[in-house]
Amino acid sequence: MTAPVPRDNAGNKVGQVDATVVPRFAGAPTFARLPRRDEVARADIAVVGIPFDAGVSYRPGARFGPGHIRESSRLLRPYNPAQDAMPFALAQVVDAGDLGVNPFDIAQAISQIEVGMDELIADGTKVVTLGGDHTIAYPILKSLHKKHGPIAVIHFDAHLDTWDTYFGAPLTHGTPFRRASEDGYLDLTGCLHVGIRGPLYSDTDLSDDTALGFQVLRATDADDLGIDEMIARMLARVGDRPVYVSIDVDVMDPAFTPGTGTPEAGGLSSREMLRLVRSLDGVNLVGADIVEVAPAYDHAEITGIAAAHLLYELITVLARRFG
């Protein structure tokens, strides 16, 4: 029988399981059926899960997001026609499994995530993360700052996530970018939110957000400006700075991502989001996450499939740098 997984001369697995040999509904449940980190000699890009949702303020369940996104990624194929690239041939992409973090103690979990990220990126591996709730962006940015200095953030979300506290807690899924800005991890001349919409607590939410270094592209700008102009403004904002991309799936309308913790009407479509992410080819991308997938509110893997495809596009953007 033909070997189901491509291997190098040393016998290390290097690519996807061959779907013509092992059916897509069988085999190990890694992202896109890629090899595990311990099955390869090295990794250019690693997918890692952080099953943590102790920072949510409404619907819980994002701790089950990493497994759900992996399950929803089984149909991803080796050739990406939208970017005319074979990402898993251009770069060694692996699934590094999940970080085990404390589900009861947010402070300890933050520390564990930082240590885990430090270890993953130490040898130059680029990491894309499956959340988990948006709290995880803070320790990831803290880790990346040690290597890259101040980082520009492209934050796709319905919400600003620059609020101060929730119930007195300084680190939650609504506060990571305020804490990262205050602690000096962000390049205040290069950050922006994309897809913002819905009610706020006060008009000062927006002025506070500006002081923290963010510009805003609203969801309605997809209609008022058009996607091409949104892309132009997004790329002009980040320039050639080190860039971290953080995608909360609620940036999309609940019609496209019902399985999330804080849904808001009037969001972007999955097609619009895919186009925005593909436009990042050429950006100095140092890491990325996709968060807030809550499978209990999903059905037919609608949210999981959208998340898996967005991650595939991010991986392709990163892999093209290795080709």
# chains A, B, ... in the order shown; residues from 1 in each chain; ligands from 1
$ select_by_dssp --residues "stretch 43-282 of chain A" --states "helix (DSSP H, G or I)" --output "ChimeraX atom specification"
/A:62-72,87-90,106-121,134-148,176-182,204-211,221-224,227-238,249-251,270-278
$ residues_around --residues "A:Gln112" --least-positions-apart "4" --cutoff "10 Å" --atoms "only C-alpha atoms" --output "ChimeraX atom specification"
/A:99-102,106-108,116-118,139
$ residues_around --residues "A:Gly190" --least-positions-apart "3" --cutoff "8 Å" --atoms "only C-alpha atoms" --output "PyMOL selection string"
chain A and resi 151-153+187+213-214+237-239+241
$ closest_residue --among "A:His145, A:Gly266, A:Phe156, A:Pro170" --to "A:Gly184" --atoms "only C-alpha atoms"
A:His145
$ closest_residue --among "A:Leu34, A:Leu130, A:Ala96, A:Ala82" --to "A:Glu292" --atoms "only C-alpha atoms"
A:Leu130
$ atom_distance --atom1 "atom CA of A:Thr135" --atom2 "atom CA of A:Ala288"
13.8 Å
$ residues_around --residues "A:Pro35" --least-positions-apart "6" --cutoff "7 Å" --atoms "only C-alpha atoms" --output "ChimeraX atom specification"
/A:13-16,94-95
